[in-house]
Structure formats: C-alpha cells, structure tokens
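S.K.: Next comes structure-v4.cif, mmCIF, C-alpha atoms:
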```
data_entry
loop_
_atom_site.label_atom_id
_atom_site.label_comp_id
_atom_site.auth_asym_id
_atom_site.auth_seq_id
_atom_site.Cartn_x
_atom_site.Cartn_y
_atom_site.Cartn_z
CA MET L 1 -143.20 1.44 78.53
CA GLU L 2 -143.72 4.85 80.02
CA PHE L 3 -144.87 3.36 83.37
CA SER L 4 -141.84 1.09 83.59
CA ASN L 5 -139.53 4.03 82.96
CA LEU L 6 -141.35 6.07 85.60
CA PHE L 7 -140.99 3.22 88.11
CA GLU L 8 -137.30 2.95 87.44
CA ASP L 9 -136.89 6.72 87.92
CA ILE L 10 -138.78 6.64 91.23
CA SER L 11 -136.75 3.65 92.44
CA SER L 12 -133.51 5.41 91.62
CA VAL L 13 -134.68 8.54 93.50
CA VAL L 14 -135.65 6.50 96.55
CA GLU L 15 -132.27 4.74 96.58
CA GLU L 16 -130.42 8.03 96.26
CA THR L 17 -132.58 9.57 99.00
CA ASP L 18 -132.05 6.64 101.36
CA GLY L 19 -128.35 6.73 100.71
CA GLY L 20 -128.18 10.47 101.34
CA PHE L 21 -130.28 10.25 104.48
CA GLY L 22 -128.08 7.47 105.86
CA HIS L 23 -124.99 9.50 105.07
CA VAL L 24 -126.45 12.52 106.87
CA CYS L 25 -127.37 10.42 109.90
CA ARG L 26 -123.91 8.88 110.04
CA ASN L 27 -122.33 12.34 109.86
CA ARG L 28 -124.57 13.64 112.64
CA ASN L 29 -123.82 10.64 114.85
CA GLN L 30 -120.12 11.16 114.26
CA ASN L 31 -120.43 14.85 115.16
CA TYR L 32 -122.24 13.96 118.36
CA GLU L 33 -119.52 11.47 119.24
CA ASP L 34 -116.81 14.05 118.50
CA GLU L 35 -118.58 16.65 120.66
CA GLY L 36 -118.85 14.12 123.46
CA ASP L 37 -115.13 13.44 123.22
CA ASN L 38 -114.42 17.20 123.38
CA ASP L 39 -116.55 17.52 126.51
CA ASN L 40 -114.62 14.68 128.12
CA ASP L 41 -111.32 16.30 127.19
CA HIS L 42 -112.51 19.64 128.60
CA ASP L 43 -113.60 18.03 131.87
CA GLY L 44 -110.27 16.22 132.12
CA LYS L 45 -108.29 19.41 131.60
CA PHE L 46 -110.49 21.26 134.13
CA LYS L 47 -110.03 18.55 136.74
CA SER L 48 -106.28 18.43 136.10
CA LYS L 49 -106.03 22.20 136.49
CA ASN L 50 -107.97 22.08 139.76
CA LEU L 51 -105.72 19.32 141.10
CA LYS L 52 -102.60 21.34 140.31
CA ALA L 53 -104.03 24.43 142.00
CA GLU L 54 -105.04 22.45 145.08
CA ARG L 55 -101.60 20.79 145.27
CA LYS L 56 -99.90 24.17 144.99
CA ARG L 57 -102.16 25.62 147.71
CA ARG L 58 -101.37 22.74 150.08
CA GLU L 59 -97.63 23.04 149.47
CA LYS L 60 -97.79 26.77 150.19
CA LEU L 61 -99.79 26.18 153.38
CA LYS L 62 -97.29 23.53 154.50
CA SER L 63 -94.39 25.94 153.90
CA ARG L 64 -96.10 28.67 155.95
CA MET L 65 -96.75 26.23 158.79
CA LEU L 66 -93.05 25.29 158.83
CA GLU L 67 -92.10 28.97 158.98
CA LEU L 68 -94.51 29.51 161.86
CA ARG L 69 -93.09 26.50 163.65
CA SER L 70 -89.52 27.81 163.29
CA ALA L 71 -90.55 31.26 164.62
CA VAL L 72 -92.24 29.91 167.77
CA PRO L 73 -89.77 28.47 170.33
CA LYS L 74 -92.36 26.36 172.15
CA ILE L 75 -94.17 23.79 169.97
CA THR L 76 -95.78 20.95 171.96
CA ASN L 77 -96.99 18.93 168.95
CA MET L 78 -96.52 18.90 165.18
CA ASN L 79 -100.15 18.98 164.02
CA LYS L 80 -101.58 22.17 162.55
CA GLU L 81 -103.98 22.93 165.39
CA THR L 82 -101.26 22.66 168.04
CA ILE L 83 -98.80 24.81 166.05
CA ILE L 84 -101.38 27.59 165.68
CA THR L 85 -102.43 27.37 169.35
CA ASP L 86 -98.81 27.53 170.55
CA ALA L 87 -98.18 30.51 168.24
CA ILE L 88 -101.16 32.38 169.71
CA ASP L 89 -99.93 31.72 173.27
CA TYR L 90 -96.43 32.89 172.34
CA ILE L 91 -97.77 36.15 170.85
CA LYS L 92 -99.74 36.79 174.04
CA GLU L 93 -96.57 36.29 176.11
CA LEU L 94 -94.69 38.75 173.88
CA ARG L 95 -97.40 41.36 174.35
CA VAL L 96 -97.17 41.02 178.12
CA SER L 97 -93.36 41.36 177.94
CA VAL L 98 -93.63 44.50 175.80
CA THR L 99 -96.08 46.07 178.23
CA ASN L 100 -93.85 45.30 181.22
CA LEU L 101 -90.74 46.70 179.51
CA SER L 102 -92.60 49.87 178.51
CA ASN L 103 -93.70 50.41 182.11
CA GLU L 104 -90.13 49.87 183.35
CA LEU L 105 -88.78 52.44 180.87
CA LEU L 106 -91.38 54.98 181.96
CA GLU L 107 -90.43 54.47 185.61
CA MET L 108 -86.71 54.85 184.80
CA GLU L 109 -87.32 58.08 182.86
CA ALA L 110 -89.41 59.49 185.69
CA GLN L 111 -86.69 58.59 188.22
CA MET L 112 -83.97 60.18 186.09
CA ALA L 113 -86.02 63.35 185.69
CA LYS L 114 -86.22 63.67 189.49
CA GLU L 115 -82.50 63.15 189.95
CA GLU L 116 -81.26 65.49 187.17
CA PRO L 117 -80.47 69.02 188.42
CA SER L 118 -82.24 71.87 186.70
CA PHE L 119 -80.18 74.62 185.09
CA ASN L 120 -81.35 78.03 184.01
CA ILE L 121 -79.80 78.49 180.59
CA ILE L 122 -79.34 82.12 179.67
CA PRO L 123 -79.28 82.56 175.89
CA ILE L 124 -76.47 84.71 174.48
CA HIS L 125 -77.11 86.89 171.45
CA PRO L 126 -75.00 85.82 168.44
CA ALA L 127 -73.49 89.30 168.08
CA GLU L 128 -72.40 89.31 171.76
CA ASN L 129 -71.04 85.80 171.42
CA MET L 130 -69.01 86.81 168.37
CA LYS L 131 -67.67 89.83 170.23
CA ARG L 132 -66.77 87.71 173.24
CA TRP L 133 -64.65 85.44 171.04
CA GLY L 134 -63.22 88.25 168.97
CA ILE L 135 -64.97 87.23 165.74
CA GLU L 136 -65.85 89.97 163.27
CA SER L 137 -67.85 90.00 160.06
CA GLU L 138 -65.56 89.50 157.08
CA VAL L 139 -65.62 89.10 153.29
CA MET L 140 -62.66 87.89 151.24
CA VAL L 141 -62.64 87.18 147.49
CA ALA L 142 -59.60 85.97 145.51
CA ARG L 143 -59.11 84.73 141.95
CA ILE L 144 -58.37 81.04 141.37
CA ASN L 145 -58.23 81.02 137.56
CA GLU L 146 -59.67 82.92 134.63
CA ASN L 147 -63.30 81.92 135.29
CA LYS L 148 -63.38 80.95 138.97
CA LEU L 149 -63.06 82.87 142.26
CA TRP L 150 -62.74 81.78 145.90
CA MET L 151 -64.69 83.52 148.67
CA LYS L 152 -64.80 83.51 152.46
CA ILE L 153 -67.67 85.15 154.32
CA VAL L 154 -68.18 85.48 158.11
CA PHE L 155 -71.43 87.00 159.36
CA GLU L 156 -73.73 86.97 162.37
CA LYS L 157 -75.84 83.85 162.81
CA LYS L 158 -79.49 84.68 162.16
CA ILE L 159 -82.54 82.66 161.24
CA GLY L 160 -82.68 82.42 157.46
CA GLY L 161 -79.40 84.33 157.08
CA PHE L 162 -77.66 81.76 154.88
CA THR L 163 -80.76 81.43 152.67
CA LYS L 164 -80.85 85.21 152.16
CA LEU L 165 -77.16 85.18 151.22
CA ILE L 166 -77.69 82.48 148.58
CA GLU L 167 -80.73 84.25 147.15
CA ALA L 168 -78.83 87.56 146.91
CA MET L 169 -75.86 85.95 145.18
CA SER L 170 -78.14 84.12 142.76
CA SER L 171 -79.90 87.37 141.83
CA LEU L 172 -76.45 88.92 141.14
CA GLY L 173 -75.57 86.10 138.76
CA ILE L 174 -73.08 84.39 141.07
CA GLU L 175 -73.06 80.58 141.28
CA LEU L 176 -71.57 78.69 144.26
CA ILE L 177 -69.46 75.54 143.74
CA ASP L 178 -68.19 73.19 146.50
CA THR L 179 -69.65 75.22 149.36
CA ASN L 180 -68.82 74.62 153.04
CA VAL L 181 -70.86 76.12 155.91
CA ILE L 182 -69.81 76.14 159.58
CA THR L 183 -71.66 77.74 162.51
CA THR L 184 -69.76 78.43 165.72
CA LYS L 185 -69.78 80.95 168.57
CA GLY L 186 -72.67 82.96 167.13
CA ALA L 187 -71.11 83.23 163.67
CA VAL L 188 -71.57 81.59 160.28
CA LEU L 189 -68.50 80.83 158.16
CA VAL L 190 -69.10 80.22 154.44
CA THR L 191 -66.32 79.23 152.05
CA SER L 192 -66.96 78.42 148.42
CA CYS L 193 -65.68 78.62 144.87
CA ILE L 194 -67.83 80.94 142.75
CA GLU L 195 -68.20 81.77 139.09
CA GLY L 196 -70.47 83.91 136.95
CA SER L 197 -73.65 82.34 135.60
CA HIS L 198 -73.82 81.69 131.84
CA GLY L 199 -70.04 82.05 131.56
CA ARG L 200 -70.01 85.69 132.71
CA MET L 201 -66.63 86.93 133.95
CA LEU L 202 -66.42 88.08 137.60
CA VAL L 203 -64.06 90.70 138.98
CA ALA L 204 -62.84 89.78 142.49
CA GLU L 205 -62.80 93.37 143.85
CA GLN L 206 -66.30 94.13 142.60
CA VAL L 207 -67.74 90.89 143.97
CA GLN L 208 -66.15 91.55 147.38
CA GLU L 209 -67.68 95.03 147.59
CA VAL L 210 -71.11 93.68 146.67
CA LEU L 211 -70.94 90.86 149.24
CA VAL L 212 -69.95 93.31 151.99
CA ASP L 213 -73.20 95.19 151.33
CA VAL L 214 -75.15 91.92 151.20
CA ILE L 215 -74.11 90.68 154.64
CA LYS L 216 -75.02 94.05 156.15
CA LEU L 217 -78.60 93.45 155.01
CA ILE L 218 -78.86 89.90 156.34
#
```
Could you render the structure from this file as structure tokens?
M.R.:
Amino acid sequence: MEFSNLFEDISSVVEETDGGFGHVCRNRNQNYEDEGDNDNDHDGKFKSKNLKAERKRREKLKSRMLELRSAVPKITNMNKETIITDAIDYIKELRVSVTNLSNELLEMEAQMAKEEPSFNIIPIHPAENMKRWGIESEVMVARINENKLWMKIVFEKKIGGFTKLIEAMSSLGIELIDTNVITTKGAVLVTSCIEGSHGRMLVAEQVQEVLVDVIKLI
C-alpha cells in the first residue's frame, strides 16, 4: 500500500515536472521568436532611414547641379562631369578677365597721374582764415522756457576743440539737446538747446559768461 502511494506521488511529480519544463521551453522559444521579429523590425527601420537620407542627399546634389548650370553660360552637355568641367573653365576665364581689367585700371591711373598738374597747397591757419572772412568768436545764450535755454557758440577750429567744449559743459552740469555742428572758414559753429542736469535751473547770463571762458581755453 505504501509503495503504490509512493509510485503515484512520483508519477504525479514527473507529470508536473514535464509539464512545467515544456511550458518553460515554449516560453523561451516564443521569446526567441519575438526577439527575432524585433531585430527584423530594427533592420527594416534602419534601412528605411538610410534610404530616406540617401534620397535627400541626391535631391540636394541635383538641386546644386541645376544652380551651377544656371550660373555658367556655356554648358556643352547635361551630365554631371561636363557641367563641372565647363564651370571650371568658366571660372578660369573670369580670373583672366579680372587680371586684365586690374592691369588696365592701373595703367589708366598711372596715365592720369602724369597728366594732372601739381599744385602747392599752402595751408591757412584757422584764426587767419576766420579773420579773412570777418568771423569772430562768439557766445550767445537765450531762454526758451522755464527749464530750457538756447545757445550759439563760434570758436576757432582746433583738433579736439569740440570734444573739449562738450567735456567742459558736462562737468558744469549742462546737457546738450538737438545739437548742430558746422565747420567753415576756419571756424566751428555750435547751436544747441541746453538744460541743467538732474533738473537744475540754469541762468542764461551766468551760462554765457562761463562759456566765454571755456572757449578761451579750447
């Protein structure tokens, strides 16, 4: 009785083990098949991507060849090799034309330099030029409204003179608005609206006296 029960137990274990082993094998085979399918899908996507990139590259190359063809006036044939060869020849011709034109311009400039008369230009001092034309240094300041003044300054033209004037006025707290500068006959004419920085009130007579001293130092 005990042996028969033991045999039945062993038989049931073997059946369960065989069934489990078969199930495991089927699952593994299915996994392998699924992985194989994934590899095929991956290869297909990779090939499709490569084909799209290659098609795009060819279309771009074709477009560039058409542009090159339109830029070169002499194309003897429509194949790629001929288009490139004709383009190279055309570029060489352009280089020769540029060289010839440059040489012609140099010869023309040299000829013109021989034919132009030479003049000895005598520089005139700005102060003498102003005196010759009857121009004198001048400062005028008038009130426009409560916060704004108008000024007119004439002084001798010197290197850096206008910059010195602006720096001096800035240090005095005077701001320039809508400024016009004209240089003529050795003189500099400056007209501008001015107002005090940070809302400070300016007195026209005082500003005029200060600017007279400033232009003397320029």
S.K.: Considering all atoms listed in the file, state which residue in the set L:Asp86, L:Glu146, L:Glu195, L:Glu205 is at the smallest distance from Met169 (chain L).
M.R.: L:Glu195
S.K.: Pick out the residues sitting within 12 Å of Glu209 (chain L), and hand them over as a list in words; count all atoms listed in the file, and ignore anything fewer than 2 positions along from it in its own chain.
M.R.: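 Here the answer would be Glu138, Val139, Met140, Val141, Met151, Ile153, Val203, Ala204, Glu205, Gln206, Val207, Leu211, Val212, Asp213, Val214, Ile215 and Lys216 of chain L.
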S.K.: Please measure the separation of CA of Met78 (chain L) and CA of Arg95 (chain L), giving the value in Å to one decimal.
M.R.: 24.3 Å
S.K.: At what distance in Å, to one decimal, does CA of Thr191 (chain L) lie from CA of Trp150 (chain L)?
M.R.: 7.6 Å
S.K.: By how many Å are CA of Ser97 (chain L) and CA of Ile84 (chain L) apart?
M.R.: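 Here the two named atoms are 20.1 Å from each other.
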S.K.: Return as JSON, numbers by chain the set of residues that the PyMOL selection byres ((chain L and resi 178) around 10) yields on the displayed structure.
M.R.: {"L": [176, 177, 179, 180, 191, 192, 193, 194]}
S.K.: Which residue out of L:Gln208, L:Met65, L:Ala110, L:Val154 has the minimum interatomic distance to Lys80 (chain L) when all atoms listed in the file are used?
M.R.: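 When distances to Lys80 (chain L) are compared using all atoms listed in the file, the smallest one comes from L:Met65.
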S.K.: Write out as a PDB file with C-alpha atoms, in the coordinates of the input which residues come within 8 Å of Val181 (chain L) when counting only C-alpha atoms, dropping same-chain ones fewer than 3 positions away.
M.R.:
```pdb
ATOM      1  CA  VAL L 188     -71.570  81.590 160.280  1.00  0.00           C
ATOM      2  CA  LEU L 189     -68.500  80.830 158.160  1.00  0.00           C
ATOM      3  CA  VAL L 190     -69.100  80.220 154.440  1.00  0.00           C
ATOM      4  CA  THR L 191     -66.320  79.230 152.050  1.00  0.00           C
TER       5      THR L 191
END
```
S.K.: My list of candidates is L:Lys52, L:Lys114, L:Lys164, L:Lys185. Which is closest to Pro126 (chain L) when distances are computed with all atoms listed in the file?
M.R.: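 For Pro126 (chain L), the nearest of the given residues is L:Lys185.
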S.K.: Under the rule that all atoms listed in the file are counted, which of L:Thr85, L:Glu167, L:Met108, L:Thr184 is the nearest residue to Trp133 (chain L)?
M.R.: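 Closest to Trp133 (chain L), using all atoms listed in the file: L:Thr184.
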S.K.: With only C-alpha atoms as the atoms that count, which of L:Ile75, L:Ile135, L:Ala127, L:Ile218 lies nearest to Ile88 (chain L)?
M.R.: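 The shortest atom-to-atom distance to Ile88 (chain L) comes from L:Ile75.
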S.K.: With the file shown as input, list the residues that the PyMOL selection byres ((chain L and resi 199) around 12) selects, as a short mmCIF file (atom, residue, chain, number, x, y, z; two decimals) with C-alpha atoms, in the frame of the given file.
M.R.:
```
data_model
loop_
_atom_site.label_atom_id
_atom_site.label_comp_id
_atom_site.auth_asym_id
_atom_site.auth_seq_id
_atom_site.Cartn_x
_atom_site.Cartn_y
_atom_site.Cartn_z
CA GLU L 146 -59.67 82.92 134.63
CA ASN L 147 -63.30 81.92 135.29
CA LYS L 148 -63.38 80.95 138.97
CA GLY L 173 -75.57 86.10 138.76
CA ILE L 174 -73.08 84.39 141.07
CA GLU L 175 -73.06 80.58 141.28
CA ILE L 194 -67.83 80.94 142.75
CA GLU L 195 -68.20 81.77 139.09
CA GLY L 196 -70.47 83.91 136.95
CA SER L 197 -73.65 82.34 135.60
CA HIS L 198 -73.82 81.69 131.84
CA ARG L 200 -70.01 85.69 132.71
CA MET L 201 -66.63 86.93 133.95
CA LEU L 202 -66.42 88.08 137.60
#
```
S.K.: Pick out the closest residue to Thr76 (chain L) from this set: L:Arg132, L:Tyr90, L:Leu217, L:Thr183. Count only C-alpha atoms.
M.R.: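 That would be L:Tyr90, the residue with the smallest distance to Thr76 (chain L).
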